[in-house]
Structure formats: structure tokens, C-alpha cells
Amino acid sequence: MSADWLPRRDKPLALPAPRVVRPGEAAADQAPRAIDVNPFALERERILPPGAVGPHGAPYKMLRTQVLLRLDKLKARSLAIVGNDPGTGKTLTAINLAIAVCADPDRSALLVDLDLHKPSIHQRLGFEATAGVDDYLRQERPLSEALVRLMGYERLLVLPARERCLDSIDAALIVVGEGRTLRRDLVRMIELLRDVPVVGTVLNRTREVADTYY
């Protein structure tokens, strides 16, 4: 997963403009598709409500503050949420961190699903991806048909994926799972990211007792 953290006054992430737009396709400046999400379904998926309000939003707001400070120092506009193993919470971390970023009225976020094996952000958010970043990068659909706006979540845009796709990143946030991520796998991943600044690490599935289900 990749997300682009933007000051509200800035333009959205600049992806390469497609060269081909077939007849009958929407204009490039068409408004993103608005999706009415089910708050109860999102709660079951442990996804934060708009504004990242409530006690479960506090850890993500703390993470947001640390991440944004480091991204600002790097002058970076995009961040990859990466991890070696399935089930470590990469998707949930990416979604909730984006929501926490948008809780700041001076920030906006473009949440892009760049999972190379199993795109799932649209499933976690409860909507069907009729077009995705993969369609756009293959120049088969305009970007406007892939972008999604979740009703109630101000300043947040979602760019889902339907198939495997690739993209470049400015920085990375590593997600590891206690009891799941092996040391050698983590070292190997850091080696693969040697040219990418790592802004921090998130430990999920910890056995430490806490008052929150996150």
C-alpha cells in the first residue's frame, strides 16, 4: 500500500497522464465516485470513523504525528506501508493512518492500493473497485474513474487496485507482526529498501495487554 500525504493547498499525487482515453470514457476532470460506507461494517473491520475520533484513534494520531514529522524533514510526498508477511496488519495500518492524517484539517491523503499480491483496500472499506490504479497505469481507464471518495471522510481519496501493479515511493513505514515476522525476513526487507528512507516501524499483534483492540 502507498499513501500520498498532502497539505490541503497542494495538488493530488501526480501520476503519469494516460495517453489513450477511449470514446465514451469520462473526462479527466470528472469528480471522484462517492461511496456511502457502512459505519457498522467498518467498525467490524476495525477501521476508524471520520476524524479518527474516539480512544481507538489516539494511537494512529500519535503515529501520524511521528510519520509526518519525518516525511516533512525528507520533503517526501509518498509513503509505502510495507511488510514481509501476510496478516501483519499492513492494510489496516495504511487505511487508519490515512484517516488519521485527514483528521488534521490542513492535510489531505490519497490512499493508493499497491499490494503486489492481493489488493484488498476496497474490500476492507466495503466497496467494489470498478476501476483501479492498474487500469490507469495500463492506460485503459482515466484516473477519474478509479478515484473514490468515502462519504463522511473529508480530504480522503482512495485509489484502489484490482490487479497487480507497481509504483515508485519516497519513503517506507515497515509493519511487522509479533511472533510472525522472522528476523532474517525483516533484515532482507530492509536490504531491499536500502535506497528508500524508512520513517519507522509498527508492531502489530503484540501480546501486551492493552485497553484497545488495535
# chains A, B, ... in the order shown; residues from 1 in each chain; ligands from 1
call {"tool": "residues_around", "arguments": {"residues": "A:Leu203", "least_positions_apart": "6", "cutoff": "10 Å", "atoms": "only C-alpha atoms", "output": "list in words"}}
result
Thr88, Gly89, Ile174, Val175, Val176, Gly177, Glu178 and Thr181 of chain A
call {"tool": "write_last_selection", "arguments": {"atoms": "C-alpha atoms", "output": "PDB file, in the first residue's frame"}}
result
ATOM      1  CA  THR A  88       0.685  -8.356   9.946  1.00  0.00           C
ATOM      2  CA  GLY A  89      -1.836  -5.519   9.559  1.00  0.00           C
ATOM      3  CA  ILE A 174       7.549  -1.115   7.961  1.00  0.00           C
ATOM      4  CA  VAL A 175       4.800  -3.199   9.584  1.00  0.00           C
ATOM      5  CA  VAL A 176       5.826  -6.334  11.483  1.00  0.00           C
ATOM      6  CA  GLY A 177       3.792  -8.901  13.396  1.00  0.00           C
ATOM      7  CA  GLU A 178       4.933 -10.172  16.780  1.00  0.00           C
ATOM      8  CA  THR A 181       7.865 -11.785  11.214  1.00  0.00           C
TER       9      THR A 181
END
call {"tool": "residues_around", "arguments": {"residues": "A:Phe127", "least_positions_apart": "3", "cutoff": "9 Å", "atoms": "only C-alpha atoms", "output": "number ranges by chain"}}
result
A: 35-37, 122-124
call {"tool": "write_last_selection", "arguments": {"atoms": "N, CA and C atoms", "output": "CSV table (one decimal), in the first residue's frame"}}
result
chain,number,residue,atom,x,y,z
A,35,ILE,N,-18.8,7.1,-2.4
A,35,ILE,CA,-19.3,5.8,-1.9
A,35,ILE,C,-19.8,6.1,-0.5
A,36,ASP,N,-21.1,5.6,-0.3
A,36,ASP,CA,-21.7,5.7,1.1
A,36,ASP,C,-21.3,4.4,1.8
A,37,VAL,N,-20.4,4.5,2.8
A,37,VAL,CA,-19.9,3.4,3.5
A,37,VAL,C,-20.8,3.1,4.7
A,122,HIS,N,-10.2,-1.9,-1.1
A,122,HIS,CA,-11.6,-1.7,-1.4
A,122,HIS,C,-12.5,-2.7,-0.7
A,123,GLN,N,-12.0,-3.9,-0.5
A,123,GLN,CA,-12.8,-4.9,0.2
A,123,GLN,C,-12.9,-4.5,1.7
A,124,ARG,N,-11.8,-4.1,2.3
A,124,ARG,CA,-11.9,-3.7,3.7
A,124,ARG,C,-12.8,-2.5,3.9
call {"tool": "closest_residue", "arguments": {"among": "A:Ala41, A:Ala161, A:Leu150, A:Ile99", "to": "A:Gly132", "atoms": "only C-alpha atoms"}}
result
A:Ala161
call {"tool": "atom_distance", "arguments": {"atom1": "atom CA of A:Ala146", "atom2": "atom CA of A:Val82"}}
result
22.7 Å
call {"tool": "closest_residue", "arguments": {"among": "A:Met151, A:Leu63, A:Leu111, A:Leu159", "to": "A:Ala131", "atoms": "only C-alpha atoms"}}
result
A:Leu159
call {"tool": "select_by_dssp", "arguments": {"residues": "stretch 62-93 of chain A", "states": "alpha helix (DSSP H)", "output": "list in words"}}
result
Met62, Leu63, Arg64, Thr65, Gln66, Val67, Leu68, Leu69, Arg70, Leu71, Asp72, Lys73, Leu74, Lys90, Thr91, Leu92 and Thr93 of chain A
call {"tool": "select_by_dssp", "arguments": {"residues": "stretch 15-212 of chain A", "states": "strand (DSSP E)", "output": "VMD selection string"}}
result
chain A and resid 33 to 35 78 to 82 107 to 112 148 to 150 156 to 159 171 to 177 198 to 204
call {"tool": "write_last_selection", "arguments": {"atoms": "C-alpha atoms", "output": "PDB file, in the first residue's frame"}}
result
ATOM      1  CA  ARG A  33     -17.047   8.429  -7.377  1.00  0.00           C
ATOM      2  CA  ALA A  34     -18.723   8.949  -3.991  1.00  0.00           C
ATOM      3  CA  ILE A  35     -19.274   5.825  -1.879  1.00  0.00           C
ATOM      4  CA  SER A  78       4.517   9.495  -0.650  1.00  0.00           C
ATOM      5  CA  LEU A  79       4.879   6.704   1.887  1.00  0.00           C
ATOM      6  CA  ALA A  80       4.744   2.932   1.382  1.00  0.00           C
ATOM      7  CA  ILE A  81       3.330   0.704   4.111  1.00  0.00           C
ATOM      8  CA  VAL A  82       5.348  -2.496   3.736  1.00  0.00           C
ATOM      9  CA  ARG A 107      -3.791  17.774   5.469  1.00  0.00           C
ATOM     10  CA  SER A 108      -5.292  15.502   2.859  1.00  0.00           C
ATOM     11  CA  ALA A 109      -4.417  11.962   1.835  1.00  0.00           C
ATOM     12  CA  LEU A 110      -4.553   9.871  -1.297  1.00  0.00           C
ATOM     13  CA  LEU A 111      -4.620   6.211  -0.256  1.00  0.00           C
ATOM     14  CA  VAL A 112      -3.343   4.015  -3.092  1.00  0.00           C
ATOM     15  CA  VAL A 148     -13.191   7.029  -4.870  1.00  0.00           C
ATOM     16  CA  ARG A 149     -14.377   9.438  -2.193  1.00  0.00           C
ATOM     17  CA  LEU A 150     -15.778   7.934   1.010  1.00  0.00           C
ATOM     18  CA  LEU A 156      -9.509  11.482   1.834  1.00  0.00           C
ATOM     19  CA  LEU A 157      -9.386   9.942  -1.639  1.00  0.00           C
ATOM     20  CA  VAL A 158      -8.916   6.239  -2.322  1.00  0.00           C
ATOM     21  CA  LEU A 159      -7.293   4.789  -5.419  1.00  0.00           C
ATOM     22  CA  ALA A 171       9.680   6.617   1.969  1.00  0.00           C
ATOM     23  CA  ALA A 172       8.529   3.485   3.754  1.00  0.00           C
ATOM     24  CA  LEU A 173       6.845   2.520   7.036  1.00  0.00           C
ATOM     25  CA  ILE A 174       7.549  -1.115   7.961  1.00  0.00           C
ATOM     26  CA  VAL A 175       4.800  -3.199   9.584  1.00  0.00           C
ATOM     27  CA  VAL A 176       5.826  -6.334  11.483  1.00  0.00           C
ATOM     28  CA  GLY A 177       3.792  -8.901  13.396  1.00  0.00           C
ATOM     29  CA  VAL A 198      12.419   4.179   6.398  1.00  0.00           C
ATOM     30  CA  VAL A 199      10.454   6.538   8.648  1.00  0.00           C
ATOM     31  CA  GLY A 200       9.581   3.990  11.310  1.00  0.00           C
ATOM     32  CA  THR A 201       8.213   0.592  12.283  1.00  0.00           C
ATOM     33  CA  VAL A 202       4.786  -0.524  13.518  1.00  0.00           C
ATOM     34  CA  LEU A 203       4.467  -3.639  15.709  1.00  0.00           C
ATOM     35  CA  ASN A 204       1.085  -5.335  15.334  1.00  0.00           C
TER      36      ASN A 204
END
call {"tool": "closest_residue", "arguments": {"among": "A:Leu147, A:Leu137, A:Ala76, A:Leu42", "to": "A:Pro160", "atoms": "only C-alpha atoms"}}
result
A:Leu147
call {"tool": "closest_residue", "arguments": {"among": "A:Pro49, A:Gly83, A:Pro119, A:Gly57", "to": "A:Arg188", "atoms": "only C-alpha atoms"}}
result
A:Gly83
call {"tool": "atom_distance", "arguments": {"atom1": "atom CA of A:Ala94", "atom2": "atom CA of A:Asp115"}}
result
11.1 Å
